[in-house]
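Peer 1: Sharing a structure below in structure tokens format, with a few things to ask.
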Amino acid sequence: MRNDLRDALRALLRAPSFSVVAVLTLALAIGSATAIFSVVDAVFVRGLPYGNPSRLQTVYESSDNANFRVPSYPTFKDWQLQGAAVRDAIEGFAFVRGNGVSTPGADGPERQIDAYVTPGFFDLMGTRPILGRTFRPDEEQLGAPNVAVVSFDYFMRHFGGDRAILGKTLPVDSVPTTIVGVMPRGFAYPNFGSGGWLPPALWQPIAVFQATHAALSLRGLHVDSRAILRLRSGTDSTHAAAAMRTIATRLAEAYPAEQAHWTSVVLRSLSDELFGELRSTLYLIAGAVGFVLLLACANVANLLLVRNSVRARELAVRAALGAGTWRLARHLLVEAGMIAAAAGIAGVGLATALVKLVRPFAEQRLPFATYIAVDARAAMFTIGISAATALLIGVLPVFHADRGSLAARLRGGMSVDARGVGERRVRDALVSIQFALAITVLIGAGLLIQSVRRVSSVSLGYDPDGTISFSIAPPAHKYDSPAQAAALYKRILEAVRAVPSVEAVAAAGGGAPSDQSRDRRSARRRGSADGVLSSGVHRFHESDADDHRRGTRIL
């Protein structure tokens with residue numbers, strides 16, 4: 001083997017152009033495959049970081065015409081009170097309400113997502129903190145001192161991993177809050193992002209939210225919340241949904257104004273809740289990368305066949321000197337292995353660069369993207385596909401290097417046409433395979449580009465050029481009533497309207513304009529507040545008492 005390695009290295013060094021082209025061709029494919037494996041492994045393969053996640057289900061109310069909505073907090077409380085009817089199928093319930101809060105940051109106040117949870121939430125999820133503890137029963141009562149459990153990402157980003165974090169006071173919306181625990185990396189339920197990944201930075205007892213947000217008691221309020229349950233061992237979601245349907249029917253009869261026609265429930269696995277259609281998208285990308293890898297293998301195998309045709313006399317001399325068929329095959333396989341090994345090493349470097357480039361974007365879009373890395377698992381994957389690549393590119397040249405035909409070539413007893421017809425057929429077949437794979441990938445890419453082009457050309461219904469937007473969310477304890485919040489927004493609008501070169505300004509409740517990032521870049525090129533600023537005006541009603549705390553966008 002040592003002699004084979006030395007001979008193979010010398011042979012490859014004698015043909016530097018071939019070696020560089022072959023290695024780079026495979027490195028691009030192997031690097032891409034390793035990068036996409038790192039993403040799929042982090043997001044899907046590792047599994048959810050919760051205890052028995054297959055038994056966790058998100059609960060939605062379902063209407064007679066198959067519409068869905070998240071349950072309100074009073075509805076959830078009724079589910080708990082009538083839980084005896086479903087005890088044989090459901091182990092427990094939990095409710096989470098999300099809200100934006102302000103916490104101190106290096107450059108001033110920062111907006112974070114705070115998840116307010118009912119008692120038993122962490123036990124239901126089956127995950128213990130890595131530092132400290134979760135909430136004690138006395139801390140989950142109305143009027144108790146404010147406490148919080150923070151996420152691992154927040155712990156690392158704002159406290160640098162300092163284990164002395166326990167017991168420290170964190171101002172949450174200017175309210176002193178004691179940190180009692182840190183959850184493990186990856187614990188990030190629920191996702192409050194719309195089309196992206198927006199996990200909580202901290203968790204607090206729902207009593208904290210209930211004390212300052214009277215709207216939580218409204219049965220008709222179905223926003224920014226999740227209800228989750230854990231199935232009992234041996235029970236499936238169909239059985240649990242049927243049991244819950246009985247409670248939903250009772251509630252529809254008891255509260256016809258809010259619950260009429262909402263007589264059923266739908267259970268969705270936690271995996272589907274978090275990933276949605278991401279699986280099909282990432283698997284589609286992984287399939288495309290697999291096609292590219294096969295295409296590269298066919299390309300390099302064809303190059304090896306051509307090169308071995310040129311080296312036919314050299315191989316014939318080896319055969320004449322006593323090298324058997326296995327000896328010649330081993331020599332060619334070692335060459336292919338060295339090409340694949342060099343491509344694998346280069347591919348790991350390429351995958352590392354791709355992951356560094358992709359991860360910041362992925363962290364905003366994909367759950368558990370912080371796990372994306374070219375680690376030991378990715379390295380093992382690279383070794384595996386490099387070995388498979390070596391076999392794919394080396395097996396065909398081996399079949400065309402049999403000892404008998406090489407000896408005939410050395411004696412001159414085989415015509416050029418006769419000795420080349422078999423190889424030409426194989427090379428033609430490889431070219432056909434390459435063409436088919438390339439066409440498939442190009443058609444898929446073309447359809448994707450066309451879809452993106454059509455989506456981007458859809459009219460927004462307004463002219464976003466020069467528009468600047470930013471959002472605010474006043475602390476609940478300072479602006480408890482809609483009238484207070486409306487007065488605050490009025491002062492802000494007057495101040496912004498007084499800025500030179502601002503033509504118009506308005507406030508709107510709800511989400512950001514979809515073209516927000518491009519608008520901001522355009523505004524920076526034009527000036528800090530140049531252009532027409534316009535949008536609808538948000539009206540405050542008593543039933544919207546909670547909405548102004550969710551955040552209002554200023555345009």
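Residue names in the structure tokens use chain letters A, B, ... in the order shown, residue numbers from 1 in each chain, and ligand numbers from 1 in the order shown.
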At a cut-off of 7 Å, using only C-alpha atoms, what residues contact range 330-345 of chain A? Leave out same-chain residues fewer than 6 positions from it and give the result as a list of chain:residue names.

Peer 2: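 Residues meeting the cut-off are A:Asp4, A:Leu5, A:Ala8, A:Val23, A:Leu24, A:Leu26, A:Ala27, A:Ile30, A:Thr382, A:Ser386, A:Thr389, A:Ala390, A:Ile393, A:Gly394, A:Val398.
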
Peer 1: Store the residues picked out above in a file with C-alpha atoms, as an mmCIF file, in the first residue's frame.

Peer 2:
```cif
data_model
loop_
_atom_site.group_PDB
_atom_site.id
_atom_site.type_symbol
_atom_site.label_atom_id
_atom_site.label_comp_id
_atom_site.auth_asym_id
_atom_site.auth_seq_id
_atom_site.Cartn_x
_atom_site.Cartn_y
_atom_site.Cartn_z
ATOM 1 C CA ASP A 4 0.794 2.289 -4.243
ATOM 2 C CA LEU A 5 0.455 5.594 -2.429
ATOM 3 C CA ALA A 8 -0.192 7.274 -7.219
ATOM 4 C CA VAL A 23 -9.834 17.789 -7.116
ATOM 5 C CA LEU A 24 -11.575 21.153 -7.526
ATOM 6 C CA LEU A 26 -15.097 17.111 -6.518
ATOM 7 C CA ALA A 27 -14.265 19.658 -3.776
ATOM 8 C CA ILE A 30 -18.315 17.596 -1.516
ATOM 9 C CA THR A 382 -17.380 14.096 4.580
ATOM 10 C CA SER A 386 -15.335 10.963 0.017
ATOM 11 C CA THR A 389 -16.825 9.204 -4.322
ATOM 12 C CA ALA A 390 -13.521 7.321 -4.602
ATOM 13 C CA ILE A 393 -14.860 7.538 -9.850
ATOM 14 C CA GLY A 394 -12.475 4.587 -9.605
ATOM 15 C CA VAL A 398 -10.616 -0.505 -13.021
#
```

Peer 1: Could you pull out the residues in range 138-278 of chain A that DSSP calls alpha helix (DSSP H) from the backbone, as a PyMOL selection string?

Peer 2: chain A and resi 152-159+206-212+237-254+256-259+270-275+278

Peer 1: As a PyMOL selection string, please: the residues near range 283-295 of chain A (cut-off 10 Å, only C-alpha atoms, same-chain neighbours under 6 positions excluded).

Peer 2: chain A and resi 25-37+39-40+301+385+389+392-393+430-431+433-438+440-442+444-445

Peer 1: Kindly export the residues of the current selection with N, CA and C atoms, as a CSV table (one decimal), in the first residue's frame.

Peer 2:
```csv
chain,number,residue,atom,x,y,z
A,25,THR,N,-13.2,20.0,-8.9
A,25,THR,CA,-14.5,19.6,-9.3
A,25,THR,C,-15.2,18.8,-8.2
A,26,LEU,N,-14.5,17.9,-7.6
A,26,LEU,CA,-15.1,17.1,-6.5
A,26,LEU,C,-15.2,17.9,-5.2
A,27,ALA,N,-14.2,18.9,-5.0
A,27,ALA,CA,-14.3,19.7,-3.8
A,27,ALA,C,-15.5,20.6,-3.7
A,28,LEU,N,-15.9,21.1,-4.9
A,28,LEU,CA,-17.1,22.0,-4.9
A,28,LEU,C,-18.3,21.2,-4.5
A,29,ALA,N,-18.4,19.9,-5.1
A,29,ALA,CA,-19.6,19.1,-4.8
A,29,ALA,C,-19.6,18.6,-3.4
A,30,ILE,N,-18.4,18.1,-2.9
A,30,ILE,CA,-18.3,17.6,-1.5
A,30,ILE,C,-18.5,18.7,-0.5
A,31,GLY,N,-17.9,19.9,-0.8
A,31,GLY,CA,-18.1,21.0,0.2
A,31,GLY,C,-19.6,21.4,0.3
A,32,SER,N,-20.2,21.5,-0.9
A,32,SER,CA,-21.7,21.9,-0.9
A,32,SER,C,-22.5,20.8,-0.1
A,33,ALA,N,-22.2,19.5,-0.4
A,33,ALA,CA,-22.9,18.5,0.3
A,33,ALA,C,-22.7,18.5,1.8
A,34,THR,N,-21.4,18.8,2.3
A,34,THR,CA,-21.1,18.9,3.7
A,34,THR,C,-21.8,20.1,4.3
A,35,ALA,N,-21.9,21.2,3.6
A,35,ALA,CA,-22.5,22.4,4.2
A,35,ALA,C,-24.0,22.1,4.3
A,36,ILE,N,-24.7,21.5,3.3
A,36,ILE,CA,-26.1,21.3,3.5
A,36,ILE,C,-26.4,20.2,4.5
A,37,PHE,N,-25.5,19.2,4.7
A,37,PHE,CA,-25.6,18.3,5.7
A,37,PHE,C,-25.6,18.9,7.1
A,39,VAL,N,-26.5,21.9,7.9
A,39,VAL,CA,-27.8,22.5,8.1
A,39,VAL,C,-28.9,21.5,8.5
A,40,VAL,N,-29.0,20.5,7.7
A,40,VAL,CA,-30.1,19.5,7.9
A,40,VAL,C,-29.8,18.8,9.2
A,301,ALA,N,-14.9,10.7,-13.3
A,301,ALA,CA,-14.8,9.3,-13.8
A,301,ALA,C,-14.5,9.3,-15.3
A,385,ILE,N,-18.7,10.4,2.3
A,385,ILE,CA,-19.0,10.6,0.9
A,385,ILE,C,-17.7,10.7,0.1
A,389,THR,N,-17.3,8.5,-3.1
A,389,THR,CA,-16.8,9.2,-4.3
A,389,THR,C,-15.6,8.5,-4.9
A,392,LEU,N,-16.9,5.5,-6.7
A,392,LEU,CA,-17.7,5.9,-7.9
A,392,LEU,C,-16.8,6.3,-9.1
A,393,ILE,N,-15.7,7.1,-8.8
A,393,ILE,CA,-14.9,7.5,-9.9
A,393,ILE,C,-13.8,6.5,-10.2
A,430,LEU,N,-21.4,8.1,-19.8
A,430,LEU,CA,-21.2,9.0,-18.7
A,430,LEU,C,-21.5,10.4,-19.1
A,431,VAL,N,-21.2,10.8,-20.3
A,431,VAL,CA,-21.6,12.1,-20.8
A,431,VAL,C,-23.1,12.2,-20.8
A,433,ILE,N,-25.2,10.7,-18.8
A,433,ILE,CA,-25.6,10.8,-17.4
A,433,ILE,C,-25.4,12.2,-16.9
A,434,GLN,N,-24.2,12.8,-17.3
A,434,GLN,CA,-23.9,14.2,-16.9
A,434,GLN,C,-24.9,15.1,-17.4
A,435,PHE,N,-25.3,14.9,-18.7
A,435,PHE,CA,-26.2,15.8,-19.4
A,435,PHE,C,-27.6,15.8,-18.7
A,436,ALA,N,-28.0,14.5,-18.4
A,436,ALA,CA,-29.3,14.4,-17.8
A,436,ALA,C,-29.4,15.0,-16.4
A,437,LEU,N,-28.3,14.8,-15.6
A,437,LEU,CA,-28.3,15.4,-14.3
A,437,LEU,C,-28.2,16.9,-14.3
A,438,ALA,N,-27.4,17.4,-15.3
A,438,ALA,CA,-27.3,18.9,-15.4
A,438,ALA,C,-28.6,19.5,-15.8
A,440,THR,N,-31.6,18.3,-15.3
A,440,THR,CA,-32.5,18.3,-14.2
A,440,THR,C,-32.3,19.4,-13.2
A,441,VAL,N,-31.0,19.6,-12.8
A,441,VAL,CA,-30.6,20.6,-11.8
A,441,VAL,C,-31.0,22.0,-12.4
A,442,LEU,N,-30.6,22.2,-13.7
A,442,LEU,CA,-30.9,23.5,-14.3
A,442,LEU,C,-32.4,23.8,-14.4
A,444,GLY,N,-34.7,22.7,-12.4
A,444,GLY,CA,-35.2,23.0,-11.1
A,444,GLY,C,-34.8,24.4,-10.7
A,445,ALA,N,-33.5,24.8,-10.9
A,445,ALA,CA,-33.0,26.1,-10.6
A,445,ALA,C,-33.8,27.2,-11.4
```

Peer 1: Using only C-alpha atoms, find the one residue out of A:His213, A:Arg424, A:His239, A:Arg307 that sits nearest to Ser481 in chain A.

Peer 2: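 Closest residue, counting only C-alpha atoms: A:His213.
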
Peer 1: Measuring atom to atom with only C-alpha atoms, identify which of A:Gly234, A:Pro145, A:Pro464, A:Gly349 is nearest to Ser54 in chain A.

Peer 2: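 Closest to Ser54 in chain A, using only C-alpha atoms: A:Gly234.
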
Peer 1: Mind pulling up the distance from CA of Val172 in chain A to CA of His158 in chain A?

Peer 2: 13.8 Å

Peer 1: Quick one: residues within 7 Å of Val265 in chain A, only C-alpha atoms, excluding same-chain residues fewer than 6 positions away - as a VMD selection string?

Peer 2: chain A and resid 59 to 62 241 244 to 245

Peer 1: Between A:Asp428, A:Tyr189, A:Leu357, A:Gly220, which residue has the minimum interatomic distance to Asn299 in chain A, considering only C-alpha atoms?

Peer 2: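 Looking at the shortest contact to Asn299 in chain A, the residue is A:Asp428.
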
Peer 1: Measure the distance from CA of Val150 in chain A to CA of Phe44 in chain A in Å and round it to one decimal.

Peer 2: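 Rounded to one decimal, the two atoms are 24.0 Å apart.
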